[in-house]
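As stored in entry25.csv (CSV, C-alpha atoms):
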chain,number,residue,atom,x,y,z
A,1,MET,CA,28.4,-11.3,-5.3
A,2,SER,CA,30.7,-14.3,-4.4
A,3,GLU,CA,30.9,-17.5,-6.4
A,4,GLU,CA,29.1,-19.3,-3.6
A,5,GLN,CA,26.2,-16.8,-3.8
A,6,SER,CA,26.0,-16.7,-7.6
A,7,PRO,CA,22.9,-18.2,-9.0
A,8,THR,CA,24.2,-18.3,-12.6
A,9,PRO,CA,25.1,-22.1,-12.7
A,10,GLU,CA,21.6,-23.0,-11.4
A,11,ARG,CA,19.9,-20.5,-13.7
A,12,SER,CA,21.7,-22.0,-16.8
A,13,ARG,CA,20.2,-25.4,-15.9
A,14,GLY,CA,16.7,-24.1,-15.4
A,15,ILE,CA,16.8,-24.8,-11.7
A,16,ARG,CA,15.4,-22.7,-8.8
A,17,ARG,CA,15.5,-23.3,-5.1
A,18,ILE,CA,12.0,-23.5,-3.7
A,19,GLY,CA,11.3,-24.0,0.0
A,20,GLY,CA,14.9,-24.9,0.8
A,21,GLN,CA,15.0,-27.6,-1.9
A,22,VAL,CA,16.5,-27.4,-5.4
A,23,ARG,CA,13.8,-28.2,-7.9
A,24,ASN,CA,14.1,-28.7,-11.7
A,25,LEU,CA,11.6,-26.4,-13.2
A,26,THR,CA,11.2,-28.6,-16.3
A,27,LYS,CA,10.4,-31.6,-14.2
A,28,ALA,CA,8.0,-29.6,-12.2
A,29,LYS,CA,6.3,-28.5,-15.5
A,30,GLN,CA,7.2,-24.9,-14.8
A,31,LYS,CA,7.2,-22.7,-17.9
A,32,PHE,CA,8.7,-19.6,-16.4
A,33,PRO,CA,12.1,-18.5,-17.7
A,34,MET,CA,14.8,-17.4,-15.3
A,35,PRO,CA,15.3,-13.6,-15.0
A,36,ASN,CA,17.5,-12.1,-17.7
A,37,PRO,CA,19.5,-9.1,-16.3
A,38,GLU,CA,19.6,-7.6,-19.8
A,39,GLN,CA,15.8,-7.6,-20.2
A,40,GLY,CA,14.7,-6.7,-16.7
A,41,LEU,CA,12.1,-8.7,-14.7
A,42,LYS,CA,8.6,-9.8,-15.5
A,43,ILE,CA,6.5,-9.4,-12.4
A,44,VAL,CA,2.9,-10.4,-11.8
A,45,ILE,CA,1.0,-8.3,-9.2
A,46,ALA,CA,-2.4,-9.9,-8.3
A,47,THR,CA,-4.7,-7.6,-6.4
A,48,ASP,CA,-8.4,-7.4,-5.6
A,49,ALA,CA,-8.0,-3.7,-4.8
A,50,TRP,CA,-7.8,-1.6,-8.0
A,51,LYS,CA,-9.0,1.5,-9.7
A,52,PRO,CA,-11.4,3.3,-9.5
A,53,GLN,CA,-11.0,2.6,-5.7
A,54,LEU,CA,-9.4,5.5,-3.9
A,55,ASN,CA,-7.1,4.0,-1.2
A,56,GLY,CA,-3.5,3.5,-0.2
A,57,VAL,CA,-3.3,0.0,-1.5
A,58,VAL,CA,-4.2,1.1,-5.0
A,59,THR,CA,-1.9,4.1,-4.9
A,60,THR,CA,1.0,1.9,-3.6
A,61,LEU,CA,0.6,-0.8,-6.3
A,62,ASP,CA,0.1,1.6,-9.1
A,63,THR,CA,3.1,3.7,-8.2
A,64,LEU,CA,5.2,0.6,-7.7
A,65,GLY,CA,4.4,-0.6,-11.2
A,66,ARG,CA,5.2,2.8,-12.8
A,67,ILE,CA,8.6,2.9,-11.1
A,68,LEU,CA,9.5,-0.7,-12.0
A,69,THR,CA,8.4,0.0,-15.6
A,70,LYS,CA,10.6,3.1,-15.8
A,71,PHE,CA,13.6,0.9,-14.9
A,72,GLY,CA,12.9,-1.4,-17.8
A,73,ASN,CA,10.8,-4.1,-16.1
A,74,GLU,CA,7.5,-5.4,-17.2
A,75,VAL,CA,4.5,-5.6,-14.8
A,76,LEU,CA,1.3,-7.5,-15.3
A,77,TYR,CA,-1.6,-6.5,-13.0
A,78,ILE,CA,-4.3,-9.1,-12.5
A,79,THR,CA,-7.3,-7.0,-11.1
A,80,PRO,CA,-11.1,-7.1,-10.9
A,81,GLN,CA,-11.2,-5.3,-14.2
A,82,ASP,CA,-10.2,-8.6,-15.9
A,83,PHE,CA,-13.2,-10.5,-14.5
A,84,HIS,CA,-17.0,-10.4,-14.1
A,85,SER,CA,-17.5,-9.2,-10.6
A,86,LEU,CA,-20.1,-8.3,-7.9
A,87,PRO,CA,-20.0,-5.4,-5.4
A,88,MET,CA,-18.9,-6.5,-1.9
A,89,PRO,CA,-21.8,-6.4,0.6
A,90,THR,CA,-21.8,-3.2,2.6
A,91,TYR,CA,-18.8,-1.9,0.5
A,92,PRO,CA,-19.9,-1.6,-3.2
A,93,GLU,CA,-16.7,0.2,-4.2
A,94,ILE,CA,-14.9,-3.1,-3.8
A,95,ARG,CA,-15.6,-5.6,-6.5
A,96,LEU,CA,-15.4,-9.3,-5.8
A,97,SER,CA,-14.3,-11.3,-8.9
A,98,LEU,CA,-16.4,-14.3,-9.9
A,99,PHE,CA,-14.7,-17.7,-10.5
A,100,PRO,CA,-11.2,-16.2,-11.4
A,101,ASN,CA,-9.2,-19.5,-11.0
A,102,ARG,CA,-8.9,-20.5,-14.7
A,103,LYS,CA,-8.4,-17.1,-16.1
A,104,VAL,CA,-5.8,-16.2,-13.5
A,105,ALA,CA,-3.9,-19.4,-14.3
A,106,ALA,CA,-4.1,-18.6,-18.1
A,107,MET,CA,-2.9,-15.0,-17.6
A,108,ILE,CA,0.1,-16.1,-15.6
A,109,ASN,CA,1.0,-18.9,-18.0
A,110,LYS,CA,0.8,-16.6,-20.9
A,111,PHE,CA,2.9,-13.9,-19.2
A,112,LYS,CA,5.6,-16.3,-18.0
A,113,PRO,CA,6.7,-14.1,-15.0
A,114,ASP,CA,10.0,-14.2,-13.1
A,115,ALA,CA,8.1,-13.4,-9.8
A,116,ILE,CA,4.5,-13.4,-8.6
A,117,HIS,CA,3.4,-11.0,-5.9
A,118,ILE,CA,-0.1,-11.4,-4.3
A,119,ALA,CA,-1.2,-8.1,-2.7
A,120,THR,CA,-4.7,-9.0,-1.3
A,121,GLU,CA,-6.6,-11.9,0.2
A,122,GLY,CA,-9.7,-11.7,-1.9
A,123,PRO,CA,-10.8,-14.0,-4.8
A,124,ILE,CA,-8.0,-12.9,-7.2
A,125,GLY,CA,-5.4,-13.2,-4.5
A,126,ARG,CA,-6.6,-16.6,-3.6
A,127,ALA,CA,-6.7,-17.7,-7.2
A,128,ALA,CA,-3.1,-16.6,-7.7
A,129,ARG,CA,-2.1,-18.4,-4.5
A,130,ARG,CA,-3.9,-21.6,-5.6
A,131,PHE,CA,-2.0,-21.5,-8.9
A,132,CYS,CA,1.4,-21.0,-7.2
A,133,ARG,CA,0.8,-23.7,-4.6
A,134,ARG,CA,-0.4,-26.3,-7.2
A,135,ARG,CA,2.6,-25.5,-9.4
A,136,LYS,CA,5.0,-25.3,-6.5
A,137,TYR,CA,5.9,-21.9,-7.8
A,138,PRO,CA,7.3,-19.4,-5.1
A,139,TYR,CA,5.4,-16.2,-4.4
A,140,THR,CA,5.4,-13.3,-2.0
A,141,THR,CA,2.4,-11.6,-0.4
A,142,SER,CA,1.9,-8.2,1.4
A,143,PHE,CA,-0.1,-7.2,4.4
A,144,HIS,CA,-2.0,-4.0,3.6
A,145,THR,CA,-5.3,-4.1,5.4
A,146,ARG,CA,-6.5,-5.0,8.9
A,147,PHE,CA,-9.0,-7.5,7.5
A,148,ALA,CA,-9.7,-9.1,10.9
A,149,GLU,CA,-10.7,-5.8,12.5
A,150,TYR,CA,-12.8,-4.7,9.4
A,151,THR,CA,-14.8,-7.9,9.2
A,152,ASN,CA,-15.4,-7.7,13.0
A,153,GLU,CA,-16.6,-4.1,12.6
A,154,ARG,CA,-18.9,-5.0,9.6
A,155,PHE,CA,-19.9,-8.6,10.1
A,156,LYS,CA,-19.1,-9.3,13.8
A,157,LEU,CA,-16.6,-12.1,12.8
A,158,PRO,CA,-14.3,-12.6,15.8
A,159,ILE,CA,-11.0,-10.9,15.4
A,160,ASP,CA,-9.1,-14.1,16.2
A,161,TRP,CA,-10.9,-15.9,13.4
A,162,GLY,CA,-10.0,-13.2,11.0
A,163,TYR,CA,-6.3,-13.4,11.9
A,164,ALA,CA,-6.4,-17.2,11.6
A,165,LEU,CA,-7.6,-16.8,8.1
A,166,LEU,CA,-4.9,-14.3,7.3
A,167,LYS,CA,-2.1,-16.4,8.8
A,168,ASP,CA,-3.3,-19.4,6.7
A,169,PHE,CA,-3.2,-17.2,3.6
A,170,HIS,CA,0.2,-15.5,4.2
A,171,ASN,CA,2.4,-18.0,6.0
A,172,HIS,CA,2.7,-20.4,3.1
A,173,GLY,CA,4.5,-17.8,0.9
A,174,GLU,CA,8.2,-17.2,0.7
A,175,ALA,CA,7.7,-13.8,2.4
A,176,MET,CA,5.0,-11.5,3.6
A,177,MET,CA,5.9,-7.8,3.1
A,178,VAL,CA,4.9,-5.4,5.9
A,179,ALA,CA,4.9,-1.6,5.9
A,180,THR,CA,6.5,-0.8,9.3
A,181,PRO,CA,8.7,-2.4,11.9
A,182,GLY,CA,6.0,-1.9,14.5
A,183,LEU,CA,3.4,-3.7,12.5
A,184,MET,CA,5.9,-6.5,11.9
A,185,GLU,CA,6.4,-6.9,15.7
A,186,GLU,CA,2.6,-6.9,16.3
A,187,LEU,CA,2.0,-9.5,13.6
A,188,GLY,CA,4.8,-11.6,14.8
A,189,GLU,CA,3.1,-11.8,18.2
A,190,ARG,CA,0.0,-13.1,16.4
A,191,GLY,CA,2.0,-15.9,14.7
A,192,PHE,CA,2.8,-14.5,11.3
A,193,LYS,CA,6.1,-15.7,9.8
A,194,ASN,CA,8.6,-14.9,7.0
A,195,MET,CA,8.0,-11.2,7.2
A,196,ARG,CA,10.1,-8.6,5.4
A,197,LEU,CA,9.9,-4.8,5.6
A,198,TRP,CA,8.5,-3.0,2.6
A,199,GLU,CA,8.2,0.7,3.6
A,200,ARG,CA,6.0,3.1,1.7
A,201,GLY,CA,6.9,6.1,-0.3
A,202,VAL,CA,5.4,9.3,-1.7
A,203,ASP,CA,5.5,10.7,-5.2
A,204,THR,CA,7.1,14.1,-4.3
A,205,ASP,CA,6.8,15.3,-7.9
A,206,GLN,CA,3.1,14.8,-7.9
A,207,PHE,CA,2.5,15.9,-4.3
A,208,HIS,CA,4.2,19.2,-3.5
A,209,PRO,CA,3.1,22.7,-2.4
A,210,ILE,CA,1.1,24.1,-5.4
A,211,GLU,CA,-0.7,27.4,-6.0
A,212,SER,CA,-4.3,26.7,-5.0
A,213,ASP,CA,-7.5,28.6,-4.6
A,214,VAL,CA,-9.9,25.6,-4.3
A,215,MET,CA,-11.1,26.6,-0.8
A,216,LYS,CA,-10.3,30.3,-0.9
A,217,ASP,CA,-13.8,31.3,0.2
A,218,LEU,CA,-14.1,29.0,3.2
A,219,PRO,CA,-13.5,30.2,6.8
A,220,ARG,CA,-10.1,29.4,8.1
A,221,PRO,CA,-8.4,27.4,9.5
A,222,ILE,CA,-9.2,24.4,7.2
A,223,PHE,CA,-8.9,20.9,8.7
A,224,THR,CA,-8.9,18.2,5.9
A,225,TYR,CA,-9.3,14.5,5.7
A,226,VAL,CA,-8.6,12.5,2.5
A,227,GLY,CA,-9.5,8.9,1.9
A,228,ARG,CA,-12.3,6.4,2.1
A,229,PHE,CA,-15.5,7.3,4.0
A,230,ALA,CA,-16.0,4.0,5.8
A,231,VAL,CA,-16.8,3.0,9.4
A,232,GLU,CA,-13.4,1.6,10.1
A,233,LYS,CA,-11.9,5.1,9.6
A,234,THR,CA,-13.7,6.4,12.7
A,235,LEU,CA,-14.4,9.7,10.8
A,236,GLU,CA,-17.0,10.8,13.3
A,237,ASP,CA,-14.1,11.2,15.8
A,238,PHE,CA,-13.0,14.1,13.5
A,239,LEU,CA,-16.3,15.4,12.4
A,240,ASP,CA,-17.7,15.7,16.0
A,241,LEU,CA,-14.7,17.9,17.1
A,242,ASP,CA,-15.4,21.5,18.0
A,243,LEU,CA,-12.8,23.1,15.8
A,244,PRO,CA,-12.6,26.7,14.4
A,245,GLY,CA,-12.9,27.3,10.7
A,246,THR,CA,-13.9,24.6,8.3
A,247,LYS,CA,-13.8,20.8,8.1
A,248,CYS,CA,-13.2,19.4,4.6
A,249,MET,CA,-13.7,15.8,3.5
A,250,VAL,CA,-12.1,14.6,0.2
A,251,GLY,CA,-12.9,11.2,-1.1
A,252,ALA,CA,-15.9,8.8,-1.2
A,253,GLY,CA,-17.1,5.6,0.3
A,254,PRO,CA,-20.0,3.6,1.7
A,255,GLN,CA,-20.6,6.0,4.7
A,256,GLU,CA,-20.7,9.1,2.5
A,257,GLU,CA,-24.5,9.5,2.3
A,258,GLU,CA,-24.9,9.0,6.0
A,259,LEU,CA,-22.2,11.4,6.9
A,260,ARG,CA,-23.3,14.1,4.5
A,261,LYS,CA,-26.8,14.1,6.1
A,262,LYS,CA,-25.4,14.1,9.6
A,263,TYR,CA,-22.8,16.8,9.0
A,264,PRO,CA,-24.3,19.4,6.5
A,265,ASN,CA,-21.8,22.1,7.6
A,266,VAL,CA,-18.8,20.2,6.4
A,267,HIS,CA,-17.3,21.0,3.0
A,268,TRP,CA,-17.6,17.8,0.9
A,269,ALA,CA,-15.1,17.9,-2.0
A,270,GLY,CA,-15.7,14.5,-3.6
A,271,LYS,CA,-13.0,12.4,-5.1
A,272,GLN,CA,-9.9,14.2,-6.2
A,273,PHE,CA,-6.8,12.9,-8.0
A,274,GLY,CA,-3.3,14.1,-9.1
A,275,GLU,CA,-2.8,17.8,-9.2
A,276,ASP,CA,-6.3,18.5,-8.1
A,277,LEU,CA,-5.8,16.5,-5.0
A,278,ALA,CA,-2.4,18.3,-4.3
A,279,LYS,CA,-4.3,21.6,-4.5
A,280,TYR,CA,-6.7,20.4,-1.7
A,281,TYR,CA,-3.8,19.3,0.4
A,282,THR,CA,-2.0,22.6,-0.1
A,283,ALA,CA,-5.1,24.7,0.6
A,284,SER,CA,-5.5,23.0,4.0
A,285,ASP,CA,-4.0,24.2,7.3
A,286,VAL,CA,-4.0,20.7,9.0
A,287,PHE,CA,-4.5,17.2,7.7
A,288,VAL,CA,-6.5,15.1,10.2
A,289,PHE,CA,-6.2,11.3,10.2
A,290,PRO,CA,-8.7,9.8,12.7
A,291,SER,CA,-8.2,6.1,11.7
A,292,ARG,CA,-6.9,3.7,14.3
A,293,THR,CA,-6.8,0.7,12.0
A,294,ASP,CA,-4.6,1.6,9.0
A,295,THR,CA,-1.3,-0.3,8.5
A,296,PHE,CA,0.4,2.9,7.3
A,297,GLY,CA,-1.7,5.8,6.0
A,298,LEU,CA,-0.1,7.0,2.8
A,299,VAL,CA,-2.3,10.1,2.8
A,300,ASN,CA,-0.4,11.4,5.8
A,301,VAL,CA,2.9,11.5,3.8
A,302,GLU,CA,1.1,13.0,0.8
A,303,ALA,CA,-0.2,15.8,3.0
A,304,LEU,CA,3.3,16.4,4.5
A,305,ALA,CA,4.8,16.5,1.0
A,306,CYS,CA,2.3,19.3,0.2
A,307,GLY,CA,3.5,21.2,3.3
A,308,VAL,CA,0.6,20.4,5.6
A,309,PRO,CA,1.1,19.1,9.2
A,310,VAL,CA,-0.7,16.0,10.4
A,311,ALA,CA,-2.9,15.5,13.4
A,312,ALA,CA,-3.6,11.9,14.4
A,313,TYR,CA,-4.0,9.3,17.2
A,314,PRO,CA,-0.7,7.7,18.4
A,315,VAL,CA,-1.3,4.4,16.6
A,316,ARG,CA,0.4,2.2,14.1
A,317,GLY,CA,0.9,4.1,10.9
A,318,PRO,CA,1.1,7.7,12.2
A,319,LEU,CA,3.5,6.5,14.9
A,320,GLU,CA,6.0,5.3,12.2
A,321,ILE,CA,5.5,8.3,10.0
A,322,LEU,CA,5.8,11.0,12.7
A,323,ASP,CA,8.3,9.2,15.1
A,324,GLY,CA,10.8,11.8,16.1
A,325,ALA,CA,9.2,14.6,14.1
A,326,PRO,CA,9.0,18.1,15.6
A,327,LEU,CA,5.6,19.7,16.4
A,328,SER,CA,6.0,21.8,13.3
A,329,VAL,CA,5.4,18.6,11.3
A,330,GLY,CA,2.5,17.2,13.2
A,331,CYS,CA,1.1,16.0,16.5
A,332,MET,CA,-0.3,12.7,17.8
A,333,ASP,CA,-2.5,12.7,20.9
A,334,GLU,CA,-5.4,10.6,22.2
A,335,ASP,CA,-7.2,13.9,22.4
A,336,LEU,CA,-7.7,14.5,18.7
A,337,LYS,CA,-8.8,18.1,19.1
A,338,LYS,CA,-5.6,18.8,21.0
A,339,ALA,CA,-3.5,17.2,18.3
A,340,CYS,CA,-5.3,19.4,15.7
A,341,MET,CA,-4.8,22.6,17.5
A,342,THR,CA,-1.2,21.8,18.3
A,343,ALA,CA,-0.4,21.0,14.7
A,344,LEU,CA,-2.1,24.2,13.6
A,345,GLU,CA,-0.2,26.4,16.1
A,346,ASN,CA,3.2,25.0,15.2
A,347,ARG,CA,2.8,24.3,11.5
A,348,ASP,CA,5.8,24.9,9.3
A,349,PRO,CA,5.2,24.0,5.6
A,350,GLU,CA,8.9,23.7,4.7
A,351,ALA,CA,9.6,21.4,7.7
A,352,CYS,CA,6.6,19.2,6.6
A,353,ARG,CA,8.0,19.0,3.1
A,354,GLN,CA,11.5,18.1,4.2
A,355,TRP,CA,10.1,15.4,6.5
A,356,ALA,CA,8.1,13.9,3.6
A,357,LEU,CA,11.2,13.6,1.5
A,358,LYS,CA,12.5,10.9,3.8
A,359,PHE,CA,9.8,8.6,2.3
A,360,SER,CA,11.3,7.8,-1.1
A,361,TRP,CA,9.4,5.7,-3.6
A,362,ASP,CA,12.7,4.9,-5.3
A,363,ALA,CA,13.9,3.3,-2.1
A,364,ALA,CA,10.5,1.6,-1.5
A,365,ALA,CA,10.6,0.0,-5.0
A,366,ARG,CA,14.2,-1.3,-4.4
A,367,GLN,CA,13.0,-2.8,-1.1
A,368,PHE,CA,10.2,-4.5,-2.9
A,369,ILE,CA,12.5,-6.1,-5.4
A,370,GLY,CA,14.9,-7.1,-2.7
A,371,ASN,CA,12.1,-8.9,-0.9
A,372,LEU,CA,11.5,-11.1,-4.0
A,373,GLU,CA,14.6,-13.1,-2.9
A,374,ILE,CA,14.0,-16.9,-3.0
A,375,PRO,CA,16.5,-19.3,-1.3
A,376,GLY,CA,19.4,-19.6,-3.7
A,377,PHE,CA,18.9,-16.1,-5.2
A,378,ASP,CA,20.1,-13.2,-3.0
A,379,GLU,CA,18.9,-9.6,-3.0
A,380,GLU,CA,21.7,-8.5,-5.2
A,381,PHE,CA,20.6,-10.9,-7.9
A,382,TRP,CA,17.0,-9.6,-7.9
A,383,LEU,CA,18.1,-5.9,-7.9
A,384,ARG,CA,20.6,-6.5,-10.7
A,385,SER,CA,17.9,-8.4,-12.7
A,386,ALA,CA,15.5,-5.5,-12.2
A,387,LYS,CA,18.2,-3.0,-13.3
A,388,MET,CA,18.0,-1.3,-9.9
A,389,ILE,CA,21.3,-2.1,-8.3
A,390,GLU,CA,23.7,0.6,-9.5
A,391,ASP,CA,22.0,3.9,-10.3
A,392,PRO,CA,20.2,5.3,-7.2
A,393,ILE,CA,18.5,8.0,-9.2
A,394,LEU,CA,15.3,7.3,-11.1
A,395,PRO,CA,15.6,7.6,-14.8
A,396,THR,CA,13.8,10.5,-16.4
Could you render the structure as structure tokens?
Amino acid sequence: MSEEQSPTPERSRGIRRIGGQVRNLTKAKQKFPMPNPEQGLKIVIATDAWKPQLNGVVTTLDTLGRILTKFGNEVLYITPQDFHSLPMPTYPEIRLSLFPNRKVAAMINKFKPDAIHIATEGPIGRAARRFCRRRKYPYTTSFHTRFAEYTNERFKLPIDWGYALLKDFHNHGEAMMVATPGLMEELGERGFKNMRLWERGVDTDQFHPIESDVMKDLPRPIFTYVGRFAVEKTLEDFLDLDLPGTKCMVGAGPQEEELRKKYPNVHWAGKQFGEDLAKYYTASDVFVFPSRTDTFGLVNVEALACGVPVAAYPVRGPLEILDGAPLSVGCMDEDLKKACMTALENRDPEACRQWALKFSWDAAARQFIGNLEIPGFDEEFWLRSAKMIEDPILPT
């Protein structure tokens, strides 16, 4: 890092650049110390999506925190578990925190973070954003969910209105992190700004081919879906297919009772986690992903890591994961049955596993840290502060 780039002189005076202007943190009544490379970073992650929800957002944020902690950083999650909450209408698994503003501010003030990342647009995300904007403290956000399409599907809110709300939420931050280049291009056309790529990874130690007999008595081949049972996942596109063998559904969600009654011949496995989930992946012949609205679809990579090919529509998420992949790894087609049968006929577990290894959580965590850059503090500064600049191998 050159002398011109070095933030050390500014750091020693307690000054940070915010929005292109140099601000004295003391005068701005900021109580946050500057990052100490010897101690690692202190990072707040504010999210309305958290355990026991089973989805890619929770998996992503949980894994990110574990990796950052392994490198010697400290992560404070602000989640619905910290507040009184109510179930979201039509989606009771999601808890909406009640009046979180004061407590969110108190938690951040007590923790004294080096960086704040706001992962969701719900009550907690908005409370954290309100705190940052009032204090003129820089923050980053991430785009995980097609909120506009979901609210249109559930509440008939016009999609353009949904995106207007999202733009207002995200465009004031220093950066909005997005999972794929294709999604960045799409959001850019909708008027989103300050976007940075934050690709997803898979825990290949947790998800790998494993000896499994969880579905040994079911007729083969076995076509499996893992994730939320919700209307936006278009699960009936999969469940209505005339496929040989068995369809298996792993997960839970607001549509579960309805779907169980409508499709009694499907194998319903309930929620599965960790090694048990890896066993269901491994015992499957094809992983089917019927969603058209996911921003990435982490479950696709988990299935590949377990040696299972993917069948999906050619839409955002699967397109970025399977781009350039041979048919032995998966197939995308507007005819979902054709995609399923092509994936089955060409499946190669070792090729699937090798493809999944391209999606490294180590690299994803470094990318996240690099995106914390604020004017005056370059990527190298953040990576060095997070102890992630030199050793490319995760500590054991």
*Which is closest to Tyr280 in chain A among A:Asp213, A:Asp335, A:Tyr263, A:Asp237, if we use all atoms listed in the file?*
A:Asp213
*Return the single residue from A:Leu165, A:Ala175, A:Ala105, A:Leu76 that is closest to Pro138 in chain A, with distances computed using only C-alpha atoms.*
A:Ala175
_Residues within 7 Å of Val308 in chain A, all atoms listed in the file, excluding chain neighbours under 6 positions, as a count of residues only_ = 8
_Applying 9 Å and only C-alpha atoms, which residues near Met332 in chain A remain after dropping the ones on its own chain fewer than 3 positions away? List them as a ChimeraX atom specification._
/A:310-315,318-319,322,335-336,338-340,343
*Which value, in Å to one decimal, gives the distance between CA of Gly307 in chain A and CA of Arg353 in chain A?*
5.0 Å
_At a cut-off of 7 Å, using all atoms listed in the file, what residues contact Glu174 in chain A? Leave out same-chain residues fewer than 6 positions from it and give the result as JSON, numbers by chain._
{"A": [138, 139, 140, 194, 374]}
Selection file, C-alpha atoms, as a PDB file, keeping the file's coordinate frame:
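Everything below was put into selection_8.pdb:
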ATOM      1  CA  PRO A 138       7.300 -19.400  -5.100  1.00  0.00           C
ATOM      2  CA  TYR A 139       5.400 -16.200  -4.400  1.00  0.00           C
ATOM      3  CA  THR A 140       5.400 -13.300  -2.000  1.00  0.00           C
ATOM      4  CA  ASN A 194       8.600 -14.900   7.000  1.00  0.00           C
ATOM      5  CA  ILE A 374      14.000 -16.900  -3.000  1.00  0.00           C
TER       6      ILE A 374
END
Could you give me, as a Markdown table, a per-residue list for range 287-389 of chain A showing, wherever an atom lies at most 10 Å from an atom of range 56-74 of chain A, the closest pair of atoms and their distance in Å to one decimal, using all atoms listed in the file and sorting by chain then residue number from low to high?
| residue | atom | partner | partner_atom | distance |
| --- | --- | --- | --- | --- |
| A:Asp294 | CA | A:Gly56 | CA | 9.5 |
| A:Thr295 | CA | A:Gly56 | CA | 9.7 |
| A:Phe296 | CA | A:Gly56 | CA | 8.5 |
| A:Gly297 | CA | A:Gly56 | CA | 6.9 |
| A:Leu298 | CA | A:Gly56 | CA | 5.7 |
| A:Val299 | CA | A:Gly56 | CA | 7.3 |
| A:Trp361 | CA | A:Leu64 | CA | 7.8 |
| A:Asp362 | CA | A:Ile67 | CA | 7.4 |
| A:Ala364 | CA | A:Leu64 | CA | 8.2 |
| A:Ala365 | CA | A:Leu64 | CA | 6.1 |
| A:Arg366 | CA | A:Leu68 | CA | 9.0 |
| A:Phe368 | CA | A:Leu64 | CA | 8.6 |
| A:Ile369 | CA | A:Leu68 | CA | 9.0 |
| A:Ser385 | CA | A:Asn73 | CA | 9.0 |
| A:Ala386 | CA | A:Asn73 | CA | 6.3 |
| A:Lys387 | CA | A:Phe71 | CA | 6.2 |
| A:Met388 | CA | A:Phe71 | CA | 7.0 |
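Between CA of Thr234 in chain A and CA of Cys248 in chain A the interatomic distance comes to 15.3 Å.
Nearest residue to Asn371 in chain A among A:Glu211, A:Glu199, A:Glu232, A:Asp217 is A:Glu199, counting all atoms listed in the file.
Taking all atoms listed in the file into account, Asn265 in chain A lies nearest to A:Met249 out of the set A:Leu277, A:Ala179, A:Met249, A:His172.
Proximity of A:Ala119, A:Met177, A:Met107, A:Leu86 to Trp50 in chain A, computed with all atoms listed in the file, is greatest for A:Ala119.
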Would you mind listing what lies within 7 Å of Pro113 in chain A as a PDB file with C-alpha atoms, in the coordinates of the input, with only C-alpha atoms counted and same-chain residues fewer than 3 positions away left out?
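File out_7.pdb, as written:
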ATOM      1  CA  PHE A  32       8.700 -19.600 -16.400  1.00  0.00           C
ATOM      2  CA  LYS A  42       8.600  -9.800 -15.500  1.00  0.00           C
ATOM      3  CA  ILE A  43       6.500  -9.400 -12.400  1.00  0.00           C
ATOM      4  CA  VAL A  44       2.900 -10.400 -11.800  1.00  0.00           C
ATOM      5  CA  ILE A 108       0.100 -16.100 -15.600  1.00  0.00           C
ATOM      6  CA  ILE A 116       4.500 -13.400  -8.600  1.00  0.00           C
TER       7      ILE A 116
END
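Interatomic distance, CA of Val202 in chain A against CA of Val301 in chain A: 6.4 Å.
Candidate residues A:Ala115, A:Ile78, A:Leu218, A:Val104 were compared for distance to Ala283 in chain A, and the nearest is A:Leu218, using all atoms listed in the file.
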Just want the 10 Å neighbourhood of range 81-83 of chain A, counted on only C-alpha atoms, with same-chain residues fewer than 4 positions away dropped. Output as a compact mmCIF listing (two decimals) with C-alpha atoms, in the frame of the given file.
# COMPACT_ATOMS: atom_id res chain seq x y z
CA ASP A 48 -8.40 -7.40 -5.60
CA TRP A 50 -7.80 -1.60 -8.00
CA LYS A 51 -9.00 1.50 -9.70
CA PRO A 52 -11.40 3.30 -9.50
CA TYR A 77 -1.60 -6.50 -13.00
CA ARG A 95 -15.60 -5.60 -6.50
CA LEU A 96 -15.40 -9.30 -5.80
CA SER A 97 -14.30 -11.30 -8.90
CA LEU A 98 -16.40 -14.30 -9.90
CA PHE A 99 -14.70 -17.70 -10.50
CA PRO A 100 -11.20 -16.20 -11.40
CA LYS A 103 -8.40 -17.10 -16.10
CA VAL A 104 -5.80 -16.20 -13.50
CA MET A 107 -2.90 -15.00 -17.60
CA ILE A 124 -8.00 -12.90 -7.20
